[in-house]
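Trainee: This structure is in C-alpha cells; I'll ask about it shortly.
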Amino acid sequence: MRILCFVDMHASAKAFKIIKEKAENADLIICAGDFSVWGNAQEAILRQFNAFKKPFILIPGNHESDAELKSFCKEFKNIHYAHKRLLKIGDFLVIGYGGGGFTEREKEFEDFVEDVKDELENKKIILVTHAPPYGTEVDKINSGHRGCRSFSKFIEKYEPLLHVCGHLHETGGKKQLYKNTLILNPGRVGRFVVLKQKE
C-alpha cells in the first residue's frame with residue numbers, strides 16, 4: 001500500500017498543489033492535523049481533499065477542534081475521521097489521536113488505549129497523532145525534546161509499523177526507525193511510505 005502522509009499544511013495553496021499532484025499516485029492519504037489556520041475555511045479545504053477520490057484519514061491538529069471537524073467530515077464520503085478511533089484499512093489498523101502537542105503526557109490517549117487494548121494484539125498498526133513521540137529525531141529541537149511520552153510508551157509496547165506525526169514544523173521531513181516502527185513527520189508537502197499487505 002502506497003501511503004501519502006502530510007501534516008501542518010496550514011491552508012498553504014502551494015503545499016496543497018504539491019499534495020494534490022502526489023495524491024494521484026497514492027492508495028491512501030493520511031493527514032496528521034493542522035491543515036487549516038485556526039480552523040478557518042475547514043469545510044472548503046475538506047471538499048478539496050474529498051475530491052482526490054482516495055481514502056483519506058484525518059485527525060485534528062491544535063488548529064482544529066474535535067467536535068467541529070468531526071461534524072464537517074460527515075459530509076464527505078472519502079474522508080475518514082480517526083480521532084480516538086480504530087479504522088481497519090486493508091491489512092492495517094489505524095489508530096488516530098489528534099490535537100494537543102504541548103504536553104509530555106496525554107492521559108486521555110492512555111485511557112483510550114486501555115479501553116481498546118484487546119483489539120490491538122497482533123495487528124499491523126499505523127499510529128497517527130498530531131504531536132510527536134518523546135525522545136526521537138522528530139521531537140528534537142536544538143538540544144531538547146518536546147514530544148509526548150504517552151506516544152513513546154505506546155510505540156514501546158505495541159510496535160506499530162508506522163507512526164505519522166507533526167506539530168513541530170522544525171522537524172518536518174524527519175524520520176527515524178525505532179525498533180520496528182518508522183516514526184515520520186512528513187511535513188507540509190508530504191512524503192510517501194510503502195507498507196506491504198498480504199499477498
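We label chains A, B, ... in the order they appear in the C-alpha cells, count residues from 1 in each chain, and number ligands from 1 in the order shown.
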Identify, on the basis of only C-alpha atoms, every residue whose closest approach to stretch 138-146 of chain A does not exceed 9 Å; exclude the query and any residue fewer than 6 positions from it along the same chain; express the result as a PyMOL selection string.
Mentor: chain A and resi 101-104+131-132+165-166+168+170-176+183-185
Trainee: For A:Ser36, please output as an MDAnalysis selection string all residues within 8 Å (counting only C-alpha atoms; exclusion window: fewer than 5 positions along the same chain).
Mentor: chainID A and resid 8:11 41:42 45 63:64
Trainee: Just the selected residues (N, CA and C atoms), exported as a PDB file, in the first residue's frame, please.
Mentor:
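And here's out21.pdb as it stands now:
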ATOM      1  N   ASP A   8       0.500  19.732   9.012  1.00  0.00           N
ATOM      2  CA  ASP A   8       0.863  21.151   9.161  1.00  0.00           C
ATOM      3  C   ASP A   8       0.858  21.920   7.845  1.00  0.00           C
ATOM      4  N   MET A   9      -0.128  21.627   6.996  1.00  0.00           N
ATOM      5  CA  MET A   9      -0.246  22.337   5.725  1.00  0.00           C
ATOM      6  C   MET A   9      -0.662  23.791   5.944  1.00  0.00           C
ATOM      7  N   HIS A  10      -1.477  24.022   6.956  1.00  0.00           N
ATOM      8  CA  HIS A  10      -1.921  25.373   7.333  1.00  0.00           C
ATOM      9  C   HIS A  10      -2.447  26.183   6.142  1.00  0.00           C
ATOM     10  N   ALA A  11      -3.310  25.536   5.355  1.00  0.00           N
ATOM     11  CA  ALA A  11      -4.020  26.199   4.253  1.00  0.00           C
ATOM     12  C   ALA A  11      -3.110  26.787   3.183  1.00  0.00           C
ATOM     13  N   ALA A  41     -11.938  28.125   7.145  1.00  0.00           N
ATOM     14  CA  ALA A  41     -12.171  27.518   5.820  1.00  0.00           C
ATOM     15  C   ALA A  41     -12.019  25.998   5.821  1.00  0.00           C
ATOM     16  N   GLN A  42     -12.301  25.365   6.950  1.00  0.00           N
ATOM     17  CA  GLN A  42     -12.145  23.905   7.022  1.00  0.00           C
ATOM     18  C   GLN A  42     -13.008  23.175   5.998  1.00  0.00           C
ATOM     19  N   ILE A  45     -11.625  23.365   2.480  1.00  0.00           N
ATOM     20  CA  ILE A  45     -10.415  22.555   2.314  1.00  0.00           C
ATOM     21  C   ILE A  45     -10.763  21.074   2.276  1.00  0.00           C
ATOM     22  N   HIS A  63      -4.916  23.331  15.613  1.00  0.00           N
ATOM     23  CA  HIS A  63      -5.625  24.427  14.944  1.00  0.00           C
ATOM     24  C   HIS A  63      -7.082  24.080  14.634  1.00  0.00           C
ATOM     25  N   GLU A  64      -7.472  22.815  14.836  1.00  0.00           N
ATOM     26  CA  GLU A  64      -8.848  22.395  14.570  1.00  0.00           C
ATOM     27  C   GLU A  64      -9.479  21.829  15.832  1.00  0.00           C
TER      28      GLU A  64
END
Trainee: Measuring atom to atom with only C-alpha atoms, identify which of A:Arg2, A:His167, A:Leu195, A:Phe109 is nearest to A:Phe35.
Mentor: A:His167
Trainee: Would you compute the distance between atom CA of A:Ile95 and atom CA of A:Lys22? Give it in Å to one decimal.
Mentor: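 So the two atoms, atom CA of A:Ile95 and atom CA of A:Lys22, lie 23.5 Å apart.
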Trainee: From a DSSP pass on the backbone, collect the residues of chain A flagged as alpha helix (DSSP H) and hand them back as a PyMOL selection string.
Mentor: chain A and resi 13-23+42-50+66-73+107-116+149-158
Trainee: Any chance you can output those residues with N, CA and C atoms as a tab-separated table (two decimals), in the first residue's frame?
Mentor:
chain	number	residue	atom	x	y	z
A	13	ALA	N	-1.66	27.23	-0.20
A	13	ALA	CA	-2.05	26.88	-1.57
A	13	ALA	C	-0.92	26.17	-2.29
A	14	LYS	N	0.31	26.58	-2.03
A	14	LYS	CA	1.47	25.95	-2.65
A	14	LYS	C	1.61	24.50	-2.20
A	15	ALA	N	1.48	24.28	-0.89
A	15	ALA	CA	1.58	22.92	-0.35
A	15	ALA	C	0.44	22.05	-0.87
A	16	PHE	N	-0.76	22.62	-0.92
A	16	PHE	CA	-1.91	21.86	-1.40
A	16	PHE	C	-1.70	21.39	-2.84
A	17	LYS	N	-1.17	22.25	-3.67
A	17	LYS	CA	-0.93	21.89	-5.08
A	17	LYS	C	0.00	20.68	-5.18
A	18	ILE	N	1.04	20.68	-4.36
A	18	ILE	CA	2.01	19.57	-4.37
A	18	ILE	C	1.34	18.29	-3.87
A	19	ILE	N	0.57	18.40	-2.79
A	19	ILE	CA	-0.12	17.24	-2.23
A	19	ILE	C	-1.11	16.67	-3.24
A	20	LYS	N	-1.82	17.55	-3.92
A	20	LYS	CA	-2.80	17.11	-4.92
A	20	LYS	C	-2.12	16.30	-6.04
A	21	GLU	N	-0.97	16.76	-6.48
A	21	GLU	CA	-0.23	16.05	-7.53
A	21	GLU	C	0.24	14.69	-7.02
A	22	LYS	N	0.75	14.65	-5.78
A	22	LYS	CA	1.23	13.39	-5.22
A	22	LYS	C	0.07	12.41	-4.97
A	23	ALA	N	-1.09	12.94	-4.64
A	23	ALA	CA	-2.24	12.10	-4.30
A	23	ALA	C	-2.65	11.18	-5.45
A	42	GLN	N	-12.30	25.37	6.95
A	42	GLN	CA	-12.15	23.90	7.02
A	42	GLN	C	-13.01	23.18	6.00
A	43	GLU	N	-14.26	23.58	5.90
A	43	GLU	CA	-15.18	22.87	5.02
A	43	GLU	C	-14.71	22.95	3.57
A	44	ALA	N	-14.24	24.11	3.16
A	44	ALA	CA	-13.77	24.28	1.78
A	44	ALA	C	-12.53	23.43	1.51
A	45	ILE	N	-11.62	23.37	2.48
A	45	ILE	CA	-10.41	22.55	2.31
A	45	ILE	C	-10.76	21.07	2.28
A	46	LEU	N	-11.68	20.66	3.16
A	46	LEU	CA	-12.09	19.26	3.17
A	46	LEU	C	-12.76	18.86	1.86
A	47	ARG	N	-13.49	19.77	1.26
A	47	ARG	CA	-14.12	19.49	-0.02
A	47	ARG	C	-13.05	19.20	-1.08
A	48	GLN	N	-11.96	19.93	-1.02
A	48	GLN	CA	-10.86	19.70	-1.96
A	48	GLN	C	-10.17	18.37	-1.68
A	49	PHE	N	-10.01	18.02	-0.40
A	49	PHE	CA	-9.43	16.72	-0.06
A	49	PHE	C	-10.32	15.59	-0.55
A	50	ASN	N	-11.61	15.73	-0.35
A	50	ASN	CA	-12.56	14.70	-0.76
A	50	ASN	C	-12.52	14.47	-2.27
A	66	ASP	N	-12.07	19.19	17.72
A	66	ASP	CA	-12.59	17.84	17.51
A	66	ASP	C	-14.04	17.86	17.04
A	67	ALA	N	-14.91	18.50	17.81
A	67	ALA	CA	-16.35	18.46	17.51
A	67	ALA	C	-16.66	19.06	16.14
A	68	GLU	N	-16.06	20.20	15.85
A	68	GLU	CA	-16.34	20.88	14.58
A	68	GLU	C	-15.83	20.07	13.39
A	69	LEU	N	-14.62	19.55	13.49
A	69	LEU	CA	-14.05	18.80	12.39
A	69	LEU	C	-14.80	17.48	12.17
A	70	LYS	N	-15.16	16.83	13.26
A	70	LYS	CA	-15.92	15.58	13.16
A	70	LYS	C	-17.24	15.81	12.42
A	71	SER	N	-17.89	16.92	12.72
A	71	SER	CA	-19.16	17.26	12.06
A	71	SER	C	-18.96	17.51	10.57
A	72	PHE	N	-17.94	18.26	10.21
A	72	PHE	CA	-17.65	18.54	8.79
A	72	PHE	C	-17.36	17.25	8.02
A	73	CYS	N	-16.59	16.34	8.64
A	73	CYS	CA	-16.17	15.13	7.94
A	73	CYS	C	-17.34	14.24	7.55
A	107	LYS	N	-3.02	11.79	29.06
A	107	LYS	CA	-3.74	10.76	29.81
A	107	LYS	C	-4.97	10.27	29.07
A	108	GLU	N	-5.62	11.16	28.34
A	108	GLU	CA	-6.80	10.78	27.58
A	108	GLU	C	-6.45	9.73	26.52
A	109	PHE	N	-5.29	9.88	25.90
A	109	PHE	CA	-4.82	8.88	24.94
A	109	PHE	C	-4.55	7.56	25.65
A	110	GLU	N	-3.90	7.61	26.79
A	110	GLU	CA	-3.61	6.40	27.55
A	110	GLU	C	-4.89	5.66	27.95
A	111	ASP	N	-5.90	6.42	28.36
A	111	ASP	CA	-7.19	5.82	28.72
A	111	ASP	C	-7.86	5.19	27.51
A	112	PHE	N	-7.78	5.87	26.38
A	112	PHE	CA	-8.36	5.34	25.14
A	112	PHE	C	-7.70	4.01	24.77
A	113	VAL	N	-6.38	3.97	24.83
A	113	VAL	CA	-5.65	2.74	24.50
A	113	VAL	C	-6.03	1.62	25.46
A	114	GLU	N	-6.17	1.96	26.73
A	114	GLU	CA	-6.56	0.94	27.72
A	114	GLU	C	-7.93	0.36	27.37
A	115	ASP	N	-8.83	1.19	26.90
A	115	ASP	CA	-10.18	0.73	26.54
A	115	ASP	C	-10.20	-0.20	25.33
A	116	VAL	N	-9.24	-0.02	24.42
A	116	VAL	CA	-9.27	-0.80	23.17
A	116	VAL	C	-8.12	-1.81	23.09
A	149	ARG	N	5.46	11.57	25.95
A	149	ARG	CA	5.91	10.28	26.47
A	149	ARG	C	4.84	9.21	26.34
A	150	SER	N	3.57	9.60	26.33
A	150	SER	CA	2.49	8.62	26.17
A	150	SER	C	2.59	7.90	24.84
A	151	PHE	N	2.97	8.62	23.79
A	151	PHE	CA	3.12	8.02	22.47
A	151	PHE	C	4.36	7.13	22.42
A	152	SER	N	5.43	7.56	23.08
A	152	SER	CA	6.65	6.74	23.13
A	152	SER	C	6.37	5.41	23.81
A	153	LYS	N	5.61	5.44	24.89
A	153	LYS	CA	5.27	4.20	25.61
A	153	LYS	C	4.43	3.28	24.74
A	154	PHE	N	3.52	3.87	23.98
A	154	PHE	CA	2.70	3.07	23.07
A	154	PHE	C	3.59	2.36	22.04
A	155	ILE	N	4.55	3.08	21.48
A	155	ILE	CA	5.46	2.51	20.50
A	155	ILE	C	6.25	1.36	21.11
A	156	GLU	N	6.73	1.56	22.33
A	156	GLU	CA	7.49	0.52	23.03
A	156	GLU	C	6.66	-0.76	23.19
A	157	LYS	N	5.40	-0.60	23.55
A	157	LYS	CA	4.56	-1.75	23.85
A	157	LYS	C	4.00	-2.44	22.62
A	158	TYR	N	3.50	-1.66	21.66
A	158	TYR	CA	2.76	-2.24	20.54
A	158	TYR	C	3.54	-2.29	19.22
Trainee: Please extract the residues of stretch 94-154 of chain A with a backbone DSSP assignment of strand (DSSP E or B) and present them as a PyMOL selection string.
Mentor: chain A and resi 94-97+124-129+133+140-141+144-145+148
Trainee: Restricting the output to C-alpha atoms, write the selected residues as a CSV table (one decimal), in the first residue's frame.
Mentor:
chain,number,residue,atom,x,y,z
A,94,VAL,CA,-5.2,2.8,12.1
A,95,ILE,CA,-5.3,4.4,15.5
A,96,GLY,CA,-5.9,8.2,15.5
A,97,TYR,CA,-5.3,10.7,18.2
A,124,LYS,CA,-0.4,-4.2,11.9
A,125,ILE,CA,-0.8,-0.8,13.5
A,126,ILE,CA,-0.5,2.6,11.9
A,127,LEU,CA,-0.5,5.3,14.7
A,128,VAL,CA,-1.5,8.8,13.6
A,129,THR,CA,-1.1,11.6,16.2
A,133,PRO,CA,6.7,10.9,20.5
A,140,LYS,CA,14.2,17.2,19.0
A,141,ILE,CA,14.6,20.9,18.8
A,144,GLY,CA,15.9,19.4,23.9
A,145,HIS,CA,12.9,17.0,23.3
A,148,CYS,CA,4.8,13.2,24.2
Trainee: Could you state the separation of atom CA of A:Thr136 and atom CA of A:Asn62 in Å, given to one decimal place?
Mentor: 20.6 Å
Trainee: So what do you get for atom CA of A:Leu28 versus atom CA of A:Phe76, distance-wise?
Mentor: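 The value is 15.5 Å.
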Trainee: What's around A:Lys196 at 12 Å? Count only C-alpha atoms, leave out sequence neighbours fewer than 5 positions away in its own chain, and write the answer as a PyMOL selection string.
Mentor: chain A and resi 1-3+27+90-92+124+161-162
